[in-house]
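Next comes structure-v7.cif, with mmCIF, C-alpha atoms.
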data_entry
loop_
_atom_site.label_atom_id
_atom_site.label_comp_id
_atom_site.auth_asym_id
_atom_site.auth_seq_id
_atom_site.Cartn_x
_atom_site.Cartn_y
_atom_site.Cartn_z
CA MET A 20 -22.72 -29.21 12.35
CA ALA A 21 -19.96 -31.83 12.39
CA LEU A 22 -18.88 -30.81 8.87
CA SER A 23 -18.85 -27.15 9.85
CA ARG A 24 -16.71 -27.86 12.91
CA GLY A 25 -14.34 -29.96 10.79
CA LEU A 26 -13.94 -27.14 8.26
CA ARG A 27 -13.25 -24.61 11.02
CA CYS A 28 -10.68 -26.95 12.53
CA CYS A 29 -8.93 -27.34 9.15
CA GLN A 30 -9.00 -23.58 8.68
CA ARG A 31 -7.32 -23.03 12.05
CA VAL A 32 -4.64 -25.61 11.21
CA PHE A 33 -3.90 -24.17 7.75
CA ALA A 34 -3.74 -20.67 9.23
CA TRP A 35 -0.45 -21.68 10.88
CA VAL A 36 1.18 -22.62 7.55
CA PRO A 37 2.63 -19.10 6.90
CA VAL A 38 4.05 -19.02 10.44
CA VAL A 39 5.64 -22.44 9.93
CA ILE A 40 7.16 -21.26 6.62
CA ILE A 41 8.65 -18.15 8.26
CA THR A 42 9.99 -20.25 11.14
CA LEU A 43 11.67 -22.75 8.78
CA VAL A 44 13.25 -19.96 6.71
CA VAL A 45 14.58 -18.29 9.86
CA LEU A 46 15.98 -21.57 11.22
CA TRP A 47 17.69 -22.29 7.91
CA SER A 48 19.13 -18.75 7.77
CA TYR A 49 20.52 -19.23 11.28
CA TYR A 50 22.21 -22.50 10.25
CA ALA A 51 23.54 -21.06 7.00
CA TYR A 52 24.98 -17.96 8.64
CA VAL A 53 26.39 -19.47 11.83
CA CYS A 54 27.60 -22.82 10.50
CA GLU A 55 28.27 -22.44 6.79
CA LEU A 56 29.50 -18.84 6.81
CA CYS A 57 31.03 -18.14 10.23
CA LEU A 58 32.33 -21.59 11.18
CA VAL A 59 33.25 -23.00 7.75
CA THR A 60 33.89 -20.10 5.38
CA LEU A 61 35.48 -17.53 7.72
CA THR A 62 39.06 -18.25 8.78
CA ASN A 63 39.84 -15.16 10.86
CA PRO A 64 38.89 -15.83 14.54
CA VAL A 65 38.38 -12.15 15.32
CA GLU A 66 36.07 -11.76 12.37
CA GLN A 67 34.17 -14.90 13.39
CA VAL A 68 33.57 -13.63 16.94
CA ALA A 69 32.57 -10.14 15.79
CA TYR A 70 30.15 -11.46 13.17
CA LEU A 71 28.56 -13.97 15.58
CA MET A 72 28.13 -11.49 18.44
CA VAL A 73 26.33 -8.85 16.37
CA PHE A 74 24.31 -11.50 14.54
CA HIS A 75 23.00 -13.07 17.75
CA VAL A 76 21.96 -9.72 19.24
CA ILE A 77 19.89 -8.94 16.14
CA PHE A 78 18.61 -12.51 15.92
CA VAL A 79 17.33 -12.52 19.52
CA LEU A 80 15.49 -9.21 19.04
CA PHE A 81 14.05 -10.41 15.73
CA VAL A 82 12.76 -13.70 17.17
CA TRP A 83 11.51 -12.02 20.35
CA THR A 84 9.41 -9.46 18.45
CA TYR A 85 8.06 -12.11 16.10
CA TRP A 86 7.05 -14.31 19.04
CA LYS A 87 5.26 -11.39 20.70
CA SER A 88 3.47 -10.50 17.45
CA VAL A 89 2.21 -14.05 17.03
CA PHE A 90 1.23 -14.94 20.57
CA THR A 91 -0.03 -11.65 22.02
CA LEU A 92 -3.81 -12.03 22.01
CA PRO A 93 -5.90 -9.21 20.55
CA LEU A 94 -7.75 -7.14 23.15
CA GLN A 95 -11.55 -7.14 23.04
CA PRO A 96 -13.89 -4.40 24.34
CA ASP A 97 -14.78 -4.35 28.03
CA LYS A 98 -18.09 -5.77 29.22
CA LYS A 99 -19.54 -2.28 29.60
CA PHE A 100 -19.65 -2.04 25.79
CA HIS A 101 -21.73 -5.23 25.53
CA MET A 102 -25.50 -5.03 25.58
CA SER A 103 -27.17 -6.22 28.75
CA TYR A 104 -29.67 -9.05 28.51
CA ALA A 105 -32.58 -6.64 28.89
CA ASP A 106 -31.24 -4.23 26.24
CA LYS A 107 -30.53 -7.09 23.86
CA GLU A 108 -34.05 -8.45 24.27
CA ARG A 109 -35.58 -5.00 23.76
CA TYR A 110 -33.40 -4.37 20.70
CA GLU A 111 -34.11 -7.72 19.05
CA ASN A 112 -37.86 -7.54 19.68
CA GLU A 113 -38.10 -4.10 18.13
CA GLU A 114 -38.81 -4.18 14.38
CA ARG A 115 -38.70 -0.43 13.63
CA PRO A 116 -35.17 0.66 12.58
CA GLU A 117 -35.57 4.17 14.00
CA VAL A 118 -36.54 2.78 17.40
CA GLN A 119 -33.61 0.36 17.31
CA ARG A 120 -31.34 3.29 16.62
CA GLN A 121 -32.83 5.16 19.55
CA ILE A 122 -32.15 2.17 21.81
CA LEU A 123 -28.52 2.20 20.76
CA VAL A 124 -28.33 5.94 21.44
CA GLU A 125 -29.58 5.37 24.98
CA ILE A 126 -27.03 2.62 25.57
CA ALA A 127 -24.14 4.59 24.05
CA ARG A 128 -24.95 7.67 26.15
CA LYS A 129 -22.96 6.20 29.05
CA LEU A 130 -19.98 5.19 26.91
CA PRO A 131 -16.94 7.18 25.65
CA VAL A 132 -17.71 6.72 21.94
CA TYR A 133 -17.15 9.64 19.57
CA THR A 134 -17.00 8.09 16.10
CA ARG A 135 -19.89 6.74 14.06
CA THR A 136 -20.69 5.07 10.78
CA GLY A 137 -20.75 6.84 7.44
CA ASN A 138 -24.51 7.37 7.59
CA GLY A 139 -24.44 8.80 11.11
CA ALA A 140 -25.46 5.66 12.97
CA ILE A 141 -23.87 4.30 16.11
CA ARG A 142 -21.12 1.77 15.43
CA PHE A 143 -22.75 -1.47 16.57
CA CYS A 144 -21.54 -5.03 15.96
CA ASP A 145 -24.43 -7.43 15.36
CA ARG A 146 -22.21 -10.49 15.72
CA CYS A 147 -20.61 -9.52 19.03
CA GLN A 148 -23.67 -7.60 20.25
CA LEU A 149 -21.72 -4.58 21.45
CA ILE A 150 -21.22 -0.88 20.87
CA LYS A 151 -17.86 -0.55 19.14
CA PRO A 152 -15.33 1.66 20.94
CA ASP A 153 -13.53 4.22 18.80
CA ARG A 154 -11.13 2.59 16.30
CA CYS A 155 -12.48 -0.88 17.15
CA HIS A 156 -13.46 -3.20 14.28
CA HIS A 157 -14.74 -6.73 13.89
CA CYS A 158 -12.23 -9.23 12.49
CA SER A 159 -13.99 -11.91 10.47
CA VAL A 160 -10.98 -14.25 10.71
CA CYS A 161 -10.67 -14.01 14.50
CA ALA A 162 -14.48 -13.77 14.86
CA MET A 163 -14.21 -10.99 17.44
CA CYS A 164 -14.12 -7.22 17.79
CA VAL A 165 -10.53 -6.02 18.19
CA LEU A 166 -9.50 -2.79 19.90
CA LYS A 167 -7.78 -0.36 17.52
CA MET A 168 -7.65 -3.01 14.85
CA ASP A 169 -5.05 -2.40 12.14
CA HIS A 170 -5.33 -5.54 10.03
CA HIS A 171 -5.27 -9.34 10.22
CA CYS A 172 -1.81 -10.58 9.26
CA PRO A 173 -1.54 -14.17 7.96
CA TRP A 174 2.26 -14.14 8.49
CA VAL A 175 1.77 -13.90 12.25
CA ASN A 176 -1.62 -15.68 12.21
CA ASN A 177 -2.96 -12.95 14.43
CA CYS A 178 -4.95 -9.79 14.38
CA VAL A 179 -2.69 -6.74 14.66
CA GLY A 180 -4.29 -4.19 16.96
CA PHE A 181 -3.84 -2.18 20.13
CA SER A 182 -2.28 -5.03 22.13
CA ASN A 183 0.48 -5.97 19.65
CA TYR A 184 0.86 -3.16 17.09
CA LYS A 185 4.10 -2.00 18.74
CA PHE A 186 5.44 -5.56 18.61
CA PHE A 187 4.48 -5.85 14.93
CA LEU A 188 6.31 -2.62 14.06
CA LEU A 189 9.42 -3.76 15.93
CA PHE A 190 9.20 -7.13 14.17
CA LEU A 191 9.26 -5.37 10.80
CA MET A 192 12.17 -3.17 11.90
CA TYR A 193 14.30 -6.02 13.24
CA SER A 194 13.44 -8.15 10.22
CA LEU A 195 14.85 -5.41 8.01
CA LEU A 196 17.93 -5.10 10.20
CA TYR A 197 18.39 -8.88 10.20
CA CYS A 198 18.22 -9.08 6.40
CA MET A 199 20.44 -6.03 5.93
CA TYR A 200 23.12 -7.32 8.28
CA ILE A 201 23.18 -10.74 6.62
CA ALA A 202 23.37 -9.23 3.13
CA ALA A 203 26.13 -6.78 4.12
CA THR A 204 28.35 -9.40 5.79
CA VAL A 205 27.74 -12.18 3.27
CA PHE A 206 28.25 -10.14 0.10
CA LYS A 207 32.08 -10.22 0.22
CA TYR A 208 32.11 -14.02 0.42
CA VAL A 209 29.54 -14.36 -2.35
CA ILE A 210 32.01 -12.51 -4.60
CA LYS A 211 34.80 -14.87 -3.51
CA TYR A 212 32.70 -17.92 -4.26
CA TRP A 213 31.59 -16.43 -7.57
CA THR A 214 35.21 -15.83 -8.65
CA ASP A 215 36.27 -19.29 -7.40
CA GLU A 216 38.54 -17.78 -4.77
CA LEU A 217 36.68 -20.05 -2.35
CA THR A 218 35.71 -23.54 -3.47
CA ASN A 219 33.68 -25.27 -0.72
CA GLY A 220 30.69 -26.49 -2.73
CA ARG A 221 28.19 -27.04 0.08
CA SER A 222 28.91 -23.74 1.79
CA LYS A 223 28.83 -21.96 -1.56
CA PHE A 224 25.21 -22.95 -2.10
CA HIS A 225 24.12 -21.81 1.37
CA VAL A 226 26.00 -18.50 1.21
CA LEU A 227 24.76 -17.61 -2.28
CA PHE A 228 21.17 -18.51 -1.43
CA LEU A 229 21.43 -16.66 1.89
CA LEU A 230 22.25 -13.42 0.08
CA PHE A 231 19.40 -13.93 -2.38
CA VAL A 232 16.80 -14.58 0.36
CA ALA A 233 18.06 -11.69 2.52
CA VAL A 234 17.86 -9.19 -0.35
CA MET A 235 14.44 -10.46 -1.45
CA PHE A 236 12.93 -10.13 2.03
CA PHE A 237 14.66 -6.80 2.62
CA VAL A 238 13.10 -5.21 -0.46
CA SER A 239 9.59 -6.46 0.33
CA LEU A 240 9.78 -5.55 4.04
CA MET A 241 11.21 -2.12 3.30
CA PHE A 242 8.00 -0.97 1.61
CA LEU A 243 5.77 -2.48 4.29
CA PHE A 244 7.79 -0.98 7.14
CA GLY A 245 7.90 2.40 5.41
CA TYR A 246 4.13 2.38 4.99
CA HIS A 247 3.55 1.61 8.68
CA CYS A 248 6.04 4.31 9.71
CA TRP A 249 3.96 6.75 7.68
CA LEU A 250 0.79 5.51 9.41
CA VAL A 251 2.34 5.91 12.87
CA SER A 252 3.52 9.44 12.07
CA ARG A 253 -0.12 10.38 11.39
CA ASN A 254 -1.66 8.17 14.09
CA ARG A 255 -3.72 6.13 11.65
CA SER A 256 -4.41 2.44 11.34
CA THR A 257 -4.40 0.61 8.02
CA LEU A 258 -8.21 0.51 8.10
CA GLU A 259 -8.39 4.25 8.80
CA ALA A 260 -6.03 4.96 5.89
CA PHE A 261 -8.51 3.28 3.54
CA SER A 262 -11.67 4.57 5.25
CA ALA A 263 -11.37 7.75 7.31
CA PRO A 264 -13.06 7.72 10.75
CA VAL A 265 -16.30 9.69 10.91
CA PHE A 266 -16.77 12.39 13.55
CA GLN A 267 -19.53 14.90 14.27
CA ASN A 268 -18.43 17.10 11.37
CA GLY A 269 -18.00 14.16 8.99
CA PRO A 270 -15.05 12.00 7.94
CA ASP A 271 -11.61 13.21 8.95
CA LYS A 272 -8.52 11.15 8.18
CA ASN A 273 -6.52 13.31 10.62
CA GLY A 274 -9.01 13.05 13.46
CA PHE A 275 -6.54 11.28 15.77
CA ASN A 276 -3.43 13.11 14.53
CA LEU A 277 -1.84 14.79 17.56
CA GLY A 278 1.49 15.75 16.02
CA PHE A 279 4.51 13.60 15.23
CA ILE A 280 5.94 13.17 18.75
CA LYS A 281 2.60 12.50 20.43
CA ASN A 282 1.65 10.13 17.65
CA LEU A 283 4.80 8.12 18.36
CA GLN A 284 3.98 8.11 22.06
CA GLN A 285 0.54 6.69 21.38
CA VAL A 286 2.20 3.52 20.03
CA PHE A 287 5.53 3.38 21.88
CA GLY A 288 4.70 5.19 25.12
CA GLU A 289 6.55 7.97 26.92
CA GLU A 290 9.47 5.88 28.24
CA LYS A 291 11.97 6.04 25.40
CA ARG A 292 14.14 3.29 26.93
CA LEU A 293 11.32 0.84 26.13
CA TRP A 294 10.71 1.96 22.55
CA LEU A 295 13.01 -0.61 20.94
CA LEU A 296 12.01 -3.52 23.20
CA PRO A 297 8.92 -5.71 22.73
CA ILE A 298 7.52 -4.70 26.12
CA VAL A 299 4.06 -3.21 26.61
CA SER A 300 4.37 0.58 26.77
CA SER A 301 1.61 1.97 24.52
CA LYS A 302 -0.52 4.74 26.00
CA GLY A 303 -4.13 4.22 26.99
CA ASP A 304 -6.32 1.15 27.29
CA GLY A 305 -7.45 0.84 23.67
CA HIS A 306 -11.04 1.95 24.40
CA SER A 307 -10.68 5.73 24.00
CA PHE A 308 -8.13 7.98 22.35
CA PRO A 309 -7.25 11.69 22.43
CA MET A 310 -8.51 13.58 19.41
CA ARG A 311 -7.18 16.43 17.37
CA THR A 312 -9.69 19.22 18.04
CA LEU A 313 -12.38 20.07 20.55
CA CYS A 314 -15.21 19.84 18.04
CA GLU A 315 -14.25 16.25 17.26
CA VAL A 316 -14.16 15.38 20.95
CA GLN A 317 -17.82 16.38 21.36
CA ASN A 318 -19.93 13.25 21.56
CA PRO A 319 -22.12 13.09 18.42
CA LEU A 320 -24.49 10.75 20.25
CA LEU A 321 -25.32 13.57 22.68
CA ALA A 322 -24.68 16.78 20.77
CA ASN A 323 -27.08 16.42 17.82
CA GLU A 324 -30.56 15.78 19.23
CA GLU A 325 -32.27 16.78 16.00
CA GLN A 326 -30.07 14.65 13.79
CA TRP A 327 -30.53 11.58 15.96
CA GLY A 328 -34.19 12.31 16.63
CA ASP A 329 -33.51 12.11 20.35
CA ASP A 330 -36.09 14.61 21.57
CA GLY A 331 -36.03 13.06 25.00
CA LEU A 332 -32.60 14.40 25.89
CA ASP A 333 -32.86 17.17 28.47
CA GLU A 334 -30.54 19.68 30.07
CA GLU A 335 -29.24 17.13 32.57
CA ASN A 336 -27.89 14.97 29.76
CA HIS A 337 -26.27 18.02 28.20
CA ASP A 338 -24.49 18.79 31.50
CA TYR A 339 -23.29 15.18 31.64
CA HIS A 340 -21.92 15.52 28.12
CA GLU A 341 -19.93 18.65 29.01
CA GLY A 342 -18.46 16.98 32.07
CA SER A 343 -17.49 13.90 30.07
CA SER A 344 -15.83 15.95 27.34
CA LEU A 345 -13.59 17.73 29.84
CA ALA A 346 -12.35 14.37 31.11
CA ILE A 347 -11.07 13.32 27.68
CA GLU A 348 -7.35 13.84 27.03
CA MET A 349 -7.06 16.05 23.94
CA GLU A 350 -4.72 18.30 22.05
CA THR A 351 -6.02 21.78 21.26
#

Output the file's structure as structure tokens, nothing else.
Amino acid sequence: MALSRGLRCCQRVFAWVPVVIITLVVLWSYYAYVCELCLVTLTNPVEQVAYLMVFHVIFVLFVWTYWKSVFTLPLQPDKKFHMSYADKERYENEERPEVQRQILVEIARKLPVYTRTGNGAIRFCDRCQLIKPDRCHHCSVCAMCVLKMDHHCPWVNNCVGFSNYKFFLLFLMYSLLYCMYIAATVFKYVIKYWTDELTNGRSKFHVLFLLFVAVMFFVSLMFLFGYHCWLVSRNRSTLEAFSAPVFQNGPDKNGFNLGFIKNLQQVFGEEKRLWLLPIVSSKGDGHSFPMRTLCEVQNPLLANEEQWGDDGLDEENHDYHEGSSLAIEMET
């Protein structure tokens, strides 16, 4: 036990290494740009002020979004998705898989869950002992179920999901802008150093290396940001891009696709003045999401008695299902 705790402690410490590396690179880039380029290399006061003002606006937004991506905790499912003590005891004491499945059906009947596993079973997490809400997945690194999980990112040492996906996207965008601005404003002075028009040796090293690092990060971030823009335009997560969510009629990679504008609003919200700021504005609570068509909104846990073997469902349950479906926000 002591060894296991020690290993987990070491794992948590080493998980911060990528964040420390990013922080050191950013701090060095700030020093190189502000001190070595603007204060030492530049001689025109107007140019110095203009460069520094624009740089600091971008720098603040970049650091702000990175901070929010790192320190915004992932959201977990509400208590209503957890099994009660009695249900847990009944489930664990039952050895027959078909009866266990029936128990989960009875529990999920009261919950707004409309997706299932590939074999038609209810999405249940054995480790967290809960019914998974739509688009929720268990993160093995964080050891928890995360609402609308996208992926676990080692560079922010955090799980990217419903609570911080907007912040992560803005972090990628401002990272690109930060690198592009540095490369664009430094390039002229790299040429001057390269042709020996400028001769300050120490500043030459910082300016040359600053351009190299900015271009290198820009190229790598450009592909990542482009990929996530594509995901947002189709209202998919990274996990859903690799494994399509399963609905009543089977897998559908476009099951949550509401159209370009509404897809953007799902992540950034309806207030456009907040879109470019790392402030919470995403729509919903992360537990349920509007779906593309009416047939996909129908609850598979209630609609297919024969498939689930739930012969005990009566007309009252069917009426409950119809009432629940009408309450779901959807696009027809």

A straight line from CA of Tyr200 (chain A) to CA of Val68 (chain A) spans 15.0 Å

* To do: Grab the CA of His170 (chain A) to CA of Phe279 (chain A) distance for me, in Å with one decimal place.
  =>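 Distance between the two atoms: 22.1 Å.
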
Fill in: Best match for closeness to Arg27 (chain A) among A:Cys161, A:Met102, A:Ala202, A:Leu166, counting all atoms listed in the file
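Result for the nearest residue to Arg27 (chain A): A:Cys161.
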
Non-local contacts of region 302-308 of chain A (10 Å; all atoms listed in the file; under 6 positions in same chain excluded) as a PDB file with C-alpha atoms, in the frame of the given file:
ATOM      1  CA  LEU A  94      -7.750  -7.140  23.150  1.00  0.00           C
ATOM      2  CA  GLN A  95     -11.550  -7.140  23.040  1.00  0.00           C
ATOM      3  CA  PRO A  96     -13.890  -4.400  24.340  1.00  0.00           C
ATOM      4  CA  ASP A  97     -14.780  -4.350  28.030  1.00  0.00           C
ATOM      5  CA  PHE A 100     -19.650  -2.040  25.790  1.00  0.00           C
ATOM      6  CA  LEU A 130     -19.980   5.190  26.910  1.00  0.00           C
ATOM      7  CA  PRO A 131     -16.940   7.180  25.650  1.00  0.00           C
ATOM      8  CA  VAL A 132     -17.710   6.720  21.940  1.00  0.00           C
ATOM      9  CA  TYR A 133     -17.150   9.640  19.570  1.00  0.00           C
ATOM     10  CA  LYS A 151     -17.860  -0.550  19.140  1.00  0.00           C
ATOM     11  CA  PRO A 152     -15.330   1.660  20.940  1.00  0.00           C
ATOM     12  CA  ASP A 153     -13.530   4.220  18.800  1.00  0.00           C
ATOM     13  CA  ARG A 154     -11.130   2.590  16.300  1.00  0.00           C
ATOM     14  CA  CYS A 155     -12.480  -0.880  17.150  1.00  0.00           C
ATOM     15  CA  VAL A 165     -10.530  -6.020  18.190  1.00  0.00           C
ATOM     16  CA  LEU A 166      -9.500  -2.790  19.900  1.00  0.00           C
ATOM     17  CA  LYS A 167      -7.780  -0.360  17.520  1.00  0.00           C
ATOM     18  CA  MET A 168      -7.650  -3.010  14.850  1.00  0.00           C
ATOM     19  CA  GLY A 180      -4.290  -4.190  16.960  1.00  0.00           C
ATOM     20  CA  PHE A 181      -3.840  -2.180  20.130  1.00  0.00           C
ATOM     21  CA  SER A 182      -2.280  -5.030  22.130  1.00  0.00           C
ATOM     22  CA  PHE A 275      -6.540  11.280  15.770  1.00  0.00           C
ATOM     23  CA  LEU A 283       4.800   8.120  18.360  1.00  0.00           C
ATOM     24  CA  GLN A 284       3.980   8.110  22.060  1.00  0.00           C
ATOM     25  CA  GLN A 285       0.540   6.690  21.380  1.00  0.00           C
ATOM     26  CA  VAL A 286       2.200   3.520  20.030  1.00  0.00           C
ATOM     27  CA  PHE A 287       5.530   3.380  21.880  1.00  0.00           C
ATOM     28  CA  GLY A 288       4.700   5.190  25.120  1.00  0.00           C
ATOM     29  CA  GLU A 289       6.550   7.970  26.920  1.00  0.00           C
ATOM     30  CA  VAL A 316     -14.160  15.380  20.950  1.00  0.00           C
ATOM     31  CA  ILE A 347     -11.070  13.320  27.680  1.00  0.00           C
ATOM     32  CA  GLU A 348      -7.350  13.840  27.030  1.00  0.00           C
ATOM     33  CA  MET A 349      -7.060  16.050  23.940  1.00  0.00           C
TER      34      MET A 349
END

Would you write out, as a list in words, every residue that the PyMOL selection byres ((chain A and resi 74) around 9) captures in this file?
->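 Selected by the PyMOL selection byres ((chain A and resi 74) around 9) in this file: Tyr52, Val53, Ala69, Tyr70, Leu71, Met72, Val73, His75, Val76, Ile77, Phe78, Val79, Tyr197, Tyr200 and Ile201 of chain A.
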
- Query: Residues picked by the PyMOL selection byres ((chain A and resi 266) around 7) here, as a list in words?
  - Reply: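 When the PyMOL selection byres ((chain A and resi 266) around 7) is applied, the selected residues are Tyr133, Thr134, Arg135, Pro264, Val265, Gln267, Asn268, Gly269, Pro270, Asp271 and Glu315 of chain A.
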
I need the residues from that last selection saved to file as a compact mmCIF listing (two decimals), in the coordinates of the input (with C-alpha atoms), if you can.
# COMPACT_ATOMS: atom_id res chain seq x y z
CA TYR A 133 -17.15 9.64 19.57
CA THR A 134 -17.00 8.09 16.10
CA ARG A 135 -19.89 6.74 14.06
CA PRO A 264 -13.06 7.72 10.75
CA VAL A 265 -16.30 9.69 10.91
CA GLN A 267 -19.53 14.90 14.27
CA ASN A 268 -18.43 17.10 11.37
CA GLY A 269 -18.00 14.16 8.99
CA PRO A 270 -15.05 12.00 7.94
CA ASP A 271 -11.61 13.21 8.95
CA GLU A 315 -14.25 16.25 17.26

One-decimal distance in Å that lies between CA of Val238 (chain A) and CA of Trp83 (chain A):
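So the answer is 22.0 Å.
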
* Picked residues, the PyMOL selection byres ((chain A and resi 260) around 12), expected as an NGL selection string -> :A and (154 or 169-170 or 246-247 or 249-251 or 253-259 or 261-264 or 270-275)

So that I can see what lies close to Phe236 (chain A), please list as a CSV table (one decimal) with C-alpha atoms, keeping the file's coordinate frame the residues with an atom at most 10 Å from it, counting only C-alpha atoms and leaving out residues fewer than 5 positions away in the same chain.
chain,number,residue,atom,x,y,z
A,194,SER,CA,13.4,-8.2,10.2
A,195,LEU,CA,14.8,-5.4,8.0
A,197,TYR,CA,18.4,-8.9,10.2
A,198,CYS,CA,18.2,-9.1,6.4
A,199,MET,CA,20.4,-6.0,5.9
A,231,PHE,CA,19.4,-13.9,-2.4
A,241,MET,CA,11.2,-2.1,3.3

Applying 12 Å and only C-alpha atoms, which residues near region 211-222 of chain A remain after dropping the ones on its own chain fewer than 3 positions away? List them as a PDB file with C-alpha atoms, in the frame of the given file.
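Here's the written file out-v8.pdb:
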ATOM      1  CA  TYR A  50      22.210 -22.500  10.250  1.00  0.00           C
ATOM      2  CA  ALA A  51      23.540 -21.060   7.000  1.00  0.00           C
ATOM      3  CA  TYR A  52      24.980 -17.960   8.640  1.00  0.00           C
ATOM      4  CA  VAL A  53      26.390 -19.470  11.830  1.00  0.00           C
ATOM      5  CA  CYS A  54      27.600 -22.820  10.500  1.00  0.00           C
ATOM      6  CA  GLU A  55      28.270 -22.440   6.790  1.00  0.00           C
ATOM      7  CA  LEU A  56      29.500 -18.840   6.810  1.00  0.00           C
ATOM      8  CA  CYS A  57      31.030 -18.140  10.230  1.00  0.00           C
ATOM      9  CA  LEU A  58      32.330 -21.590  11.180  1.00  0.00           C
ATOM     10  CA  VAL A  59      33.250 -23.000   7.750  1.00  0.00           C
ATOM     11  CA  THR A  60      33.890 -20.100   5.380  1.00  0.00           C
ATOM     12  CA  LEU A  61      35.480 -17.530   7.720  1.00  0.00           C
ATOM     13  CA  THR A  62      39.060 -18.250   8.780  1.00  0.00           C
ATOM     14  CA  VAL A 205      27.740 -12.180   3.270  1.00  0.00           C
ATOM     15  CA  PHE A 206      28.250 -10.140   0.100  1.00  0.00           C
ATOM     16  CA  LYS A 207      32.080 -10.220   0.220  1.00  0.00           C
ATOM     17  CA  TYR A 208      32.110 -14.020   0.420  1.00  0.00           C
ATOM     18  CA  HIS A 225      24.120 -21.810   1.370  1.00  0.00           C
ATOM     19  CA  VAL A 226      26.000 -18.500   1.210  1.00  0.00           C
ATOM     20  CA  LEU A 227      24.760 -17.610  -2.280  1.00  0.00           C
ATOM     21  CA  PHE A 228      21.170 -18.510  -1.430  1.00  0.00           C
ATOM     22  CA  LEU A 229      21.430 -16.660   1.890  1.00  0.00           C
TER      23      LEU A 229
END

Using all atoms listed in the file: which of A:Ile41, A:Ala34, A:Leu123, A:Leu296 has the shortest distance to Leu189 (chain A):
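When distances to Leu189 (chain A) are compared using all atoms listed in the file, the smallest one comes from A:Leu296.
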
Nearest to Cys248 (chain A): which of A:Leu191, A:Ala127, A:Leu230, A:Thr204 is it, counting all atoms listed in the file?
->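 Answer, going by the shortest atom-to-atom distance: A:Leu191.
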
Calculated over all atoms listed in the file, which of the candidates A:Leu293, A:Glu108, A:Asp145, A:Lys99 has the smallest distance to Lys129 (chain A)?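 Nearest to Lys129 (chain A): A:Lys99.
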
Which residue, A:Met192, A:Arg120, A:Ile280, A:Arg292, has the smallest gap to Gly139 (chain A) when you use all atoms listed in the file?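 Nearest candidate to Gly139 (chain A) out of A:Met192, A:Arg120, A:Ile280, A:Arg292: A:Arg120.
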
Of A:Thr91, A:Gln148, A:Asn138, A:Thr42, the one nearest to Ser103 (chain A) when counting all atoms listed in the file is A:Gln148
